[in-house]
file upload_31.cif (mmCIF, C-alpha atoms)
data_coords
#
loop_
_atom_site.label_atom_id
_atom_site.label_comp_id
_atom_site.auth_asym_id
_atom_site.auth_seq_id
_atom_site.Cartn_x
_atom_site.Cartn_y
_atom_site.Cartn_z
CA CYS A 1 -62.98 133.73 -15.98
CA VAL A 2 -63.21 130.08 -17.03
CA ASP A 3 -62.18 128.94 -13.54
CA LYS A 4 -65.10 130.92 -12.10
CA LEU A 5 -67.50 128.98 -14.32
CA VAL A 6 -66.65 125.67 -12.66
CA PRO A 7 -68.53 126.19 -9.39
CA TYR A 8 -71.44 127.69 -11.35
CA VAL A 9 -71.64 124.65 -13.60
CA ASP A 10 -71.56 122.43 -10.50
CA SER A 11 -74.50 124.28 -8.89
CA ALA A 12 -76.56 125.37 -11.90
CA PRO A 13 -80.10 124.03 -12.26
CA ASN A 14 -80.59 121.19 -14.70
CA PRO A 15 -81.52 121.74 -17.47
CA ALA A 16 -79.89 125.14 -17.98
CA VAL A 17 -79.88 127.32 -21.10
CA ILE A 18 -76.71 129.30 -21.85
CA GLN A 19 -76.61 131.55 -24.89
CA CYS A 20 -74.12 133.82 -26.60
CA SER A 21 -74.06 135.40 -30.05
CA THR A 22 -71.30 133.15 -31.51
CA ALA A 23 -71.66 129.98 -29.38
CA THR A 24 -68.03 130.45 -28.31
CA ARG A 25 -68.64 131.29 -24.67
CA ALA A 26 -71.67 129.02 -24.40
CA SER A 27 -69.59 126.04 -25.50
CA ILE A 28 -67.33 126.36 -22.46
CA PRO A 29 -69.85 125.55 -19.70
CA TYR A 30 -71.18 122.80 -21.95
CA ILE A 31 -67.86 120.93 -22.06
CA LEU A 32 -67.23 121.57 -18.35
CA HIS A 33 -70.63 120.04 -17.58
CA LYS A 34 -70.05 117.14 -19.99
CA ALA A 35 -66.68 116.36 -18.40
CA LYS A 36 -68.20 116.36 -14.92
CA THR A 37 -71.29 114.27 -15.68
CA ASP A 38 -69.49 111.74 -17.91
CA LYS A 39 -66.34 111.68 -15.75
CA LEU A 40 -64.01 112.63 -18.59
CA PRO A 41 -60.36 113.50 -17.94
CA ALA A 42 -59.11 116.74 -19.47
CA ALA A 43 -57.54 115.09 -22.53
CA SER A 44 -60.69 113.10 -23.33
CA ALA A 45 -62.95 116.12 -22.82
CA MET A 46 -60.84 118.24 -25.17
CA ALA A 47 -60.81 115.41 -27.74
CA LEU A 48 -64.61 115.21 -27.50
CA ALA A 49 -64.91 118.97 -28.05
CA ALA A 50 -62.77 118.67 -31.19
CA SER A 51 -64.68 115.65 -32.54
CA MET A 52 -68.11 117.27 -32.41
CA THR A 53 -69.84 118.44 -35.59
CA PRO A 54 -69.00 121.25 -35.74
CA PRO A 55 -66.15 121.35 -33.20
CA LEU A 56 -66.92 123.47 -30.15
CA LYS A 57 -66.13 127.10 -30.95
CA PHE A 58 -63.89 127.86 -27.97
CA LEU A 59 -61.22 125.69 -29.63
CA GLU A 60 -60.80 128.39 -32.31
CA LYS A 61 -59.33 130.71 -29.68
CA PRO A 62 -56.12 129.24 -28.21
CA PRO A 63 -56.17 131.33 -25.01
CA LEU A 64 -59.71 130.13 -24.29
CA ALA A 65 -58.82 126.53 -25.12
CA SER A 66 -55.85 126.69 -22.71
CA ALA A 67 -58.04 128.15 -19.99
CA VAL A 68 -60.64 125.42 -20.45
CA LYS A 69 -57.98 122.72 -20.27
CA ARG A 70 -56.62 124.24 -17.03
CA ALA A 71 -60.10 124.33 -15.56
CA LEU A 72 -60.74 120.72 -16.52
CA THR A 73 -57.45 119.65 -14.97
CA HIS A 74 -57.22 121.64 -11.77
CA ALA A 75 -60.71 122.78 -10.74
CA ASN A 76 -61.65 122.24 -7.10
CA ARG A 77 -58.86 119.78 -6.41
CA LYS A 78 -55.82 119.41 -4.21
CA PRO A 79 -52.39 119.42 -5.89
CA VAL A 80 -51.74 116.04 -7.49
CA ILE A 81 -48.79 113.94 -6.34
CA PHE A 82 -47.14 112.25 -9.31
CA ARG A 83 -43.97 110.16 -9.42
CA GLN A 84 -42.37 108.28 -12.32
CA LEU A 85 -40.25 105.41 -10.99
CA PHE A 86 -37.74 103.31 -12.95
CA ASP A 87 -37.02 99.60 -12.53
CA THR A 88 -33.30 99.32 -11.87
CA SER A 89 -33.42 95.50 -11.65
CA GLY A 90 -33.29 94.98 -15.41
CA SER A 91 -36.66 95.32 -17.22
CA SER A 92 -36.50 99.11 -17.80
CA THR A 93 -40.12 99.33 -16.64
CA TYR A 94 -41.68 102.59 -15.53
CA THR A 95 -43.98 102.46 -12.51
CA TYR A 96 -46.26 105.45 -11.86
CA LEU A 97 -47.59 106.69 -8.54
CA ILE A 98 -50.54 109.11 -8.72
CA ALA A 99 -52.17 110.42 -5.54
CA ASP A 100 -55.04 112.77 -4.81
CA GLY A 101 -52.89 115.24 -2.91
CA PRO A 102 -51.17 114.86 0.48
CA GLY A 103 -52.92 112.26 2.60
CA GLY A 104 -55.13 111.24 -0.32
CA GLU A 105 -55.83 107.96 -2.04
CA ALA A 106 -53.35 106.72 -4.65
CA VAL A 107 -52.86 104.25 -7.48
CA LEU A 108 -49.65 102.55 -8.55
CA ILE A 109 -49.47 101.66 -12.25
CA ASP A 110 -47.33 98.68 -13.35
CA PRO A 111 -45.45 97.83 -10.14
CA VAL A 112 -42.43 95.51 -10.48
CA LEU A 113 -41.79 92.73 -7.95
CA GLU A 114 -38.14 93.63 -7.30
CA MET A 115 -39.00 97.30 -6.66
CA VAL A 116 -41.93 96.85 -4.25
CA ASP A 117 -39.93 97.77 -1.11
CA ARG A 118 -38.89 101.06 -2.74
CA ASP A 119 -42.44 101.82 -3.86
CA LEU A 120 -44.04 101.15 -0.48
CA LYS A 121 -41.38 103.18 1.30
CA LEU A 122 -42.09 106.15 -0.97
CA ILE A 123 -45.85 105.80 -0.44
CA ASP A 124 -45.30 105.86 3.33
CA GLU A 125 -42.91 108.83 3.11
CA LEU A 126 -45.45 110.83 1.10
CA GLY A 127 -48.24 109.94 3.51
CA VAL A 128 -50.69 108.74 0.85
CA LYS A 129 -53.02 105.72 0.98
CA LEU A 130 -52.52 103.17 -1.79
CA LYS A 131 -55.92 101.98 -3.02
CA TYR A 132 -55.11 100.08 -6.23
CA ALA A 133 -52.17 98.30 -7.86
CA VAL A 134 -53.02 98.75 -11.54
CA ASN A 135 -51.58 96.79 -14.47
CA THR A 136 -51.63 97.95 -18.09
CA HIS A 137 -51.39 94.33 -19.27
CA CYS A 138 -49.97 90.91 -18.44
CA HIS A 139 -46.26 91.62 -18.84
CA ALA A 140 -43.78 89.12 -20.24
CA ASP A 141 -40.52 90.77 -19.19
CA HIS A 142 -41.03 91.08 -15.44
CA VAL A 143 -43.21 89.80 -12.62
CA THR A 144 -45.82 92.27 -11.43
CA GLY A 145 -45.43 93.60 -7.90
CA SER A 146 -49.19 93.44 -7.29
CA GLY A 147 -49.01 90.20 -5.29
CA ALA A 148 -46.21 91.38 -3.03
CA ILE A 149 -47.98 94.69 -2.45
CA LYS A 150 -51.18 92.85 -1.45
CA ALA A 151 -49.16 90.64 0.92
CA ALA A 152 -47.82 93.75 2.64
CA ARG A 153 -50.99 95.86 2.38
CA PRO A 154 -54.06 93.59 2.39
CA ASP A 155 -56.43 96.52 1.80
CA VAL A 156 -54.87 97.26 -1.61
CA ARG A 157 -56.80 95.81 -4.56
CA SER A 158 -55.19 94.61 -7.79
CA ILE A 159 -56.56 95.57 -11.20
CA ILE A 160 -56.10 94.12 -14.70
CA ALA A 161 -58.13 93.83 -17.91
CA ALA A 162 -60.81 91.16 -17.94
CA ALA A 163 -59.69 90.39 -21.50
CA SER A 164 -56.24 89.37 -20.23
CA GLY A 165 -57.61 86.22 -18.61
CA ALA A 166 -55.42 86.93 -15.57
CA GLN A 167 -56.55 86.92 -11.95
CA ALA A 168 -57.06 90.17 -10.03
CA ASP A 169 -59.37 91.64 -7.41
CA VAL A 170 -60.94 93.95 -10.00
CA LYS A 171 -61.25 93.13 -13.70
CA ILE A 172 -61.96 96.06 -15.97
CA GLY A 173 -62.62 96.97 -19.58
CA HIS A 174 -63.00 99.83 -22.02
CA GLY A 175 -64.95 102.80 -20.66
CA ASP A 176 -64.54 101.93 -16.98
CA ARG A 177 -63.28 104.42 -14.40
CA ILE A 178 -60.76 103.70 -11.64
CA GLU A 179 -61.65 106.18 -8.90
CA PHE A 180 -59.32 107.26 -6.08
CA GLY A 181 -60.17 110.28 -3.97
CA SER A 182 -61.46 113.01 -6.25
CA MET A 183 -59.44 111.63 -9.18
CA PHE A 184 -59.93 108.81 -11.66
CA LEU A 185 -58.30 106.96 -14.52
CA GLU A 186 -60.34 106.59 -17.70
CA VAL A 187 -59.84 103.08 -19.12
CA ARG A 188 -59.24 102.68 -22.86
CA ALA A 189 -58.83 99.24 -24.40
CA THR A 190 -55.73 99.21 -26.62
CA PRO A 191 -55.21 95.55 -27.60
CA GLY A 192 -52.62 94.48 -30.13
CA HIS A 193 -49.45 93.94 -28.11
CA THR A 194 -51.59 91.52 -26.09
CA ASP A 195 -55.33 90.86 -25.97
CA GLY A 196 -55.61 92.54 -22.59
CA CYS A 197 -53.72 95.80 -23.06
CA LEU A 198 -55.25 98.91 -21.49
CA SER A 199 -54.26 102.57 -21.56
CA TYR A 200 -55.25 104.96 -18.79
CA VAL A 201 -56.08 108.63 -19.29
CA CYS A 202 -55.67 110.95 -16.29
CA ASP A 203 -56.04 114.70 -16.76
CA ASP A 204 -53.72 115.57 -19.67
CA MET A 205 -51.68 112.36 -19.38
CA VAL A 206 -52.09 108.92 -20.94
CA PHE A 207 -50.34 105.83 -19.59
CA THR A 208 -49.97 103.65 -22.67
CA GLY A 209 -48.34 100.48 -21.35
CA ASP A 210 -46.63 98.82 -24.32
CA ALA A 211 -49.17 100.04 -26.91
CA VAL A 212 -47.12 103.15 -27.62
CA LEU A 213 -43.50 103.50 -26.55
CA ILE A 214 -41.36 106.54 -27.20
CA ARG A 215 -40.58 106.24 -30.93
CA GLY A 216 -41.75 102.64 -30.90
CA CYS A 217 -44.39 100.17 -29.70
CA GLY A 218 -44.73 96.76 -28.12
CA ARG A 219 -44.11 93.64 -30.20
CA THR A 220 -47.06 91.77 -31.67
CA ASP A 221 -45.69 88.26 -32.20
CA PHE A 222 -46.83 86.56 -28.97
CA GLN A 223 -49.64 86.63 -26.33
CA GLN A 224 -52.35 86.87 -29.00
CA GLY A 225 -50.63 89.91 -30.46
CA SER A 226 -51.94 91.50 -33.65
CA ALA A 227 -50.34 94.31 -35.62
CA ASP A 228 -53.70 95.04 -37.26
CA ARG A 229 -55.41 95.50 -33.88
CA LEU A 230 -52.55 97.50 -32.39
CA TYR A 231 -52.61 99.98 -35.27
CA GLU A 232 -56.37 100.46 -34.86
CA SER A 233 -56.08 100.74 -31.08
CA VAL A 234 -53.38 103.39 -31.18
CA HIS A 235 -54.99 105.49 -33.88
CA THR A 236 -58.50 105.42 -32.39
CA GLN A 237 -57.72 105.50 -28.66
CA ILE A 238 -54.38 107.30 -28.25
CA PHE A 239 -53.66 109.36 -31.36
CA SER A 240 -57.24 110.70 -31.12
CA LEU A 241 -56.29 112.57 -27.94
CA PRO A 242 -55.08 116.20 -28.15
CA ASP A 243 -51.55 116.57 -29.49
CA ASP A 244 -50.27 118.03 -26.20
CA THR A 245 -51.42 114.99 -24.18
CA ILE A 246 -48.36 113.59 -22.39
CA ILE A 247 -47.56 109.94 -23.14
CA TYR A 248 -46.06 107.93 -20.29
CA PRO A 249 -45.05 104.44 -21.53
CA ALA A 250 -44.46 101.23 -19.58
CA HIS A 251 -40.83 100.99 -20.73
CA ASP A 252 -37.99 102.93 -22.26
CA TYR A 253 -34.58 101.60 -23.18
CA LYS A 254 -32.85 104.80 -24.34
CA GLY A 255 -33.22 107.15 -21.38
CA HIS A 256 -36.39 108.93 -22.46
CA ARG A 257 -39.10 109.55 -19.87
CA CYS A 258 -42.16 110.78 -21.76
CA SER A 259 -43.43 112.05 -25.09
CA THR A 260 -46.63 113.60 -26.43
CA VAL A 261 -49.36 112.43 -28.76
CA GLY A 262 -48.28 115.04 -31.30
CA GLU A 263 -44.64 113.92 -31.18
CA GLU A 264 -45.47 110.26 -31.68
CA LYS A 265 -47.93 110.99 -34.50
CA ALA A 266 -45.17 112.92 -36.27
CA LEU A 267 -42.04 110.99 -35.31
CA ASN A 268 -42.85 107.42 -34.30
CA PRO A 269 -41.16 105.37 -37.04
CA ARG A 270 -43.65 102.50 -36.74
CA LEU A 271 -47.01 104.05 -35.94
CA GLY A 272 -46.56 107.70 -36.91
CA SER A 273 -45.02 109.63 -39.75
CA GLY A 274 -48.09 108.93 -41.89
CA LYS A 275 -47.56 105.16 -41.86
CA THR A 276 -50.49 103.18 -43.25
CA LYS A 277 -51.79 100.06 -41.53
CA ASP A 278 -50.30 97.85 -44.24
CA GLU A 279 -46.89 99.49 -43.78
CA PHE A 280 -47.12 99.00 -40.02
CA ILE A 281 -48.06 95.33 -40.38
CA GLU A 282 -45.07 94.77 -42.67
CA ILE A 283 -42.71 96.53 -40.23
CA MET A 284 -43.91 94.40 -37.32
CA ALA A 285 -43.69 91.18 -39.35
CA ASN A 286 -40.02 91.81 -40.09
CA LEU A 287 -38.66 92.80 -36.67
CA ASN A 288 -37.21 89.31 -36.05
CA LEU A 289 -37.05 89.85 -32.30
CA PRO A 290 -35.54 87.23 -29.95
CA TYR A 291 -37.70 85.16 -27.61
CA PRO A 292 -38.37 87.24 -24.44
CA LYS A 293 -35.88 86.21 -21.76
CA LYS A 294 -38.26 86.15 -18.79
CA ILE A 295 -41.52 85.19 -20.48
CA ASP A 296 -41.55 81.58 -19.22
CA GLU A 297 -41.10 82.80 -15.63
CA ALA A 298 -43.11 86.01 -15.77
CA LEU A 299 -46.28 85.01 -17.62
CA PRO A 300 -47.44 82.18 -15.32
CA LYS A 301 -46.87 84.37 -12.26
CA ASN A 302 -48.54 87.40 -13.82
CA MET A 303 -51.59 85.34 -14.75
CA VAL A 304 -52.17 84.98 -10.98
CA CYS A 305 -51.38 88.65 -10.29
CA GLY A 306 -47.84 87.89 -9.14
CA ILE A 307 -49.05 85.96 -6.07
CA GLN A 308 -46.64 83.14 -5.25
CA GLU A 309 -46.83 80.44 -2.62
CA GLY A 310 -44.69 81.27 0.39
CA MET A 311 -44.16 84.83 -0.80
CA PRO A 312 -42.37 86.83 1.88
CA THR A 313 -43.94 90.07 3.00
CA PRO A 314 -41.82 93.03 1.84
CA ALA A 315 -40.15 95.08 4.56
#

call {"tool": "encode", "arguments": {"input": "upload_31.cif", "output": "structure tokens"}}
result
Amino acid sequence: CVDKLVPYVDSAPNPAVIQCSTATRASIPYILHKAKTDKLPAASAMALAASMTPPLKFLEKPPLASAVKRALTHANRKPVIFRQLFDTSGSSTYTYLIADGPGGEAVLIDPVLEMVDRDLKLIDELGVKLKYAVNTHCHADHVTGSGAIKAARPDVRSIIAAASGAQADVKIGHGDRIEFGSMFLEVRATPGHTDGCLSYVCDDMVFTGDAVLIRGCGRTDFQQGSADRLYESVHTQIFSLPDDTIIYPAHDYKGHRCSTVGEEKALNPRLGSGKTKDEFIEIMANLNLPYPKKIDEALPKNMVCGIQEGMPTPA
């Protein structure tokens, strides 16, 4: 029944009055309309419903809440193409390809220079059109593949946070939307690992960069890092999402691929498990991590979006 509401909400006159005796059913078209008009992904729309005073009543009935989430995620849209790709050259970076169905527009999140040939081959095999090369932040452990991708595909535009100070075709900030086909990424500023860290919410997924890793987080002792800011960023922008929101990090070093907001709130030994901000700051101050191996090479190149003089065009 909830799925049938979607086309009605799309075509209903504005303003519309919807009434029911308990406000349970009436709250459903409201959040569907809010998600459409404000361009909210499913996870953000469900978080908004829970944060209202009082919370929207449909959340009290799990079957209804599940149906609303499905409608927010899948209504009137082609099947999403999603691939999680691993950097085998040494940085343990995850790159994510998201496309608006077969033949649709696509984004590539956190491409790695050494893996660009693989990524472009996959994009061609799947028959999708790459629109944006998107970075979660200015990485220190690898060179972004954005420059090499642009050399091979001049129509592709690079994206990074304006707060990073790095060069890119498009500079973005908190609250922006990255649109591709009928899909979009909601941009959430999550500084703390660096000044320019962003997380991207898409449907019921959040791509956290280095802000939240699986049972960990990015370091805060270089690139204008701040444990205080990272704690606030994670708790207000990531842990505020529904517990079943899937977390896809920028790295993993132990073979894990993804987690959930609920898992990390309960089990992350730095940011979760009821840790206070003061406890987190103390943990981060005593990590005693070595100087990043590739930072002196990677940072200067990433500040210019990975574009290097004489860069060969990938095959």

call {"tool": "closest_residue", "arguments": {"input": "upload_31.cif", "among": "A:Gly145, A:Pro102, A:Ser21, A:Lys39", "to": "Val187 (chain A)", "atoms": "only C-alpha atoms"}}
result
A:Lys39

call {"tool": "closest_residue", "arguments": {"input": "upload_31.cif", "among": "A:Asn288, A:Ser89, A:Thr220, A:Asn135", "to": "Ala250 (chain A)", "atoms": "all atoms listed in the file"}}
result
A:Asn135

call {"tool": "atom_distance", "arguments": {"input": "upload_31.cif", "atom1": "CA of Ser66 (chain A)", "atom2": "CA of Ala26 (chain A)"}}
result
16.1 Å

call {"tool": "resolve_selection", "arguments": {"input": "upload_31.cif", "expression": "the PyMOL selection byres ((chain A and resi 222) around 12)", "output": "PyMOL selection string"}}
result
chain A and resi 138-140+192-195+218-221+223-227+284-285+289-292+295+299

call {"tool": "closest_residue", "arguments": {"input": "upload_31.cif", "among": "A:Asn14, A:Leu130, A:Pro111, A:Cys20", "to": "Ala148 (chain A)", "atoms": "all atoms listed in the file"}}
result
A:Pro111

call {"tool": "closest_atom_pairs", "arguments": {"input": "upload_31.cif", "of": "region 207-313 of chain A", "to": "region 164-175 of chain A", "cutoff": "8 Å", "atoms": "all atoms listed in the file", "output": "CSV"}}
result
residue,atom,partner,partner_atom,distance
A:Asn302,CA,A:Ala166,CA,7.1
A:Met303,CA,A:Ala166,CA,4.2
A:Val304,CA,A:Gln167,CA,4.9
A:Cys305,CA,A:Gln167,CA,5.7

call {"tool": "resolve_selection", "arguments": {"input": "upload_31.cif", "expression": "the PyMOL selection byres ((chain A and resi 233) around 10)", "output": "list in words"}}
result
Arg188, Ala189, Thr190, Pro191, Gly192, His193, Cys197, Leu198, Ser199, Ala211, Val212, Ala227, Asp228, Arg229, Leu230, Tyr231, Glu232, Val234, His235, Thr236, Gln237, Ile238 and Phe239 of chain A

call {"tool": "resolve_selection", "arguments": {"input": "upload_31.cif", "expression": "the PyMOL selection byres ((chain A and resi 69-84) around 9)", "output": "VMD selection string"}}
result
chain A and resid 2 to 7 32 35 to 36 40 to 43 45 to 46 64 to 68 85 to 86 94 to 102 106 126 182 to 183 202 to 204 248 257

call {"tool": "residues_near_point", "arguments": {"input": "upload_31.cif", "point": "(-51.1, 105.2, -15.4)", "cutoff": "7 Å", "atoms": "all atoms listed in the file", "output": "list in words"}}
result
Tyr96, Ile109, Tyr200, Val206 and Phe207 of chain A

call {"tool": "atom_distance", "arguments": {"input": "upload_31.cif", "atom1": "CA of Val201 (chain A)", "atom2": "CA of Lys265 (chain A)"}}
result
17.4 Å

call {"tool": "atom_distance", "arguments": {"input": "upload_31.cif", "atom1": "CA of Tyr253 (chain A)", "atom2": "CA of Asn286 (chain A)"}}
result
20.3 Å

call {"tool": "closest_residue", "arguments": {"input": "upload_31.cif", "among": "A:Gly103, A:Ala133, A:His251, A:Ser92", "to": "Asp210 (chain A)", "atoms": "all atoms listed in the file"}}
result
A:His251

call {"tool": "residues_near_point", "arguments": {"input": "upload_31.cif", "point": "(-42.8, 96.9, 3.8)", "cutoff": "10 Å", "atoms": "only C-alpha atoms", "output": "PyMOL selection string"}}
result
chain A and resi 116-121+124+148-149+151-153+313-315

call {"tool": "write_last_selection", "arguments": {"input": "upload_31.cif", "atoms": "C-alpha atoms", "output": "PDB file, in the frame of the given file"}}
result
ATOM      1  CA  VAL A 116     -41.930  96.850  -4.250  1.00  0.00           C
ATOM      2  CA  ASP A 117     -39.930  97.770  -1.110  1.00  0.00           C
ATOM      3  CA  ARG A 118     -38.890 101.060  -2.740  1.00  0.00           C
ATOM      4  CA  ASP A 119     -42.440 101.820  -3.860  1.00  0.00           C
ATOM      5  CA  LEU A 120     -44.040 101.150  -0.480  1.00  0.00           C
ATOM      6  CA  LYS A 121     -41.380 103.180   1.300  1.00  0.00           C
ATOM      7  CA  ASP A 124     -45.300 105.860   3.330  1.00  0.00           C
ATOM      8  CA  ALA A 148     -46.210  91.380  -3.030  1.00  0.00           C
ATOM      9  CA  ILE A 149     -47.980  94.690  -2.450  1.00  0.00           C
ATOM     10  CA  ALA A 151     -49.160  90.640   0.920  1.00  0.00           C
ATOM     11  CA  ALA A 152     -47.820  93.750   2.640  1.00  0.00           C
ATOM     12  CA  ARG A 153     -50.990  95.860   2.380  1.00  0.00           C
ATOM     13  CA  THR A 313     -43.940  90.070   3.000  1.00  0.00           C
ATOM     14  CA  PRO A 314     -41.820  93.030   1.840  1.00  0.00           C
ATOM     15  CA  ALA A 315     -40.150  95.080   4.560  1.00  0.00           C
TER      16      ALA A 315
END

call {"tool": "closest_residue", "arguments": {"input": "upload_31.cif", "among": "A:His33, A:Ile123, A:Phe180, A:Ala23", "to": "Leu56 (chain A)", "atoms": "all atoms listed in the file"}}
result
A:Ala23

call {"tool": "residues_around", "arguments": {"input": "upload_31.cif", "residues": "Ala47 (chain A)", "least_positions_apart": "6", "cutoff": "7 Å", "atoms": "all atoms listed in the file", "output": "list in words"}}
result
Ser240, Leu241 and Pro242 of chain A

call {"tool": "closest_residue", "arguments": {"input": "upload_31.cif", "among": "A:Ser11, A:Ser273, A:Ile283, A:Gly209", "to": "Asp252 (chain A)", "atoms": "only C-alpha atoms"}}
result
A:Gly209
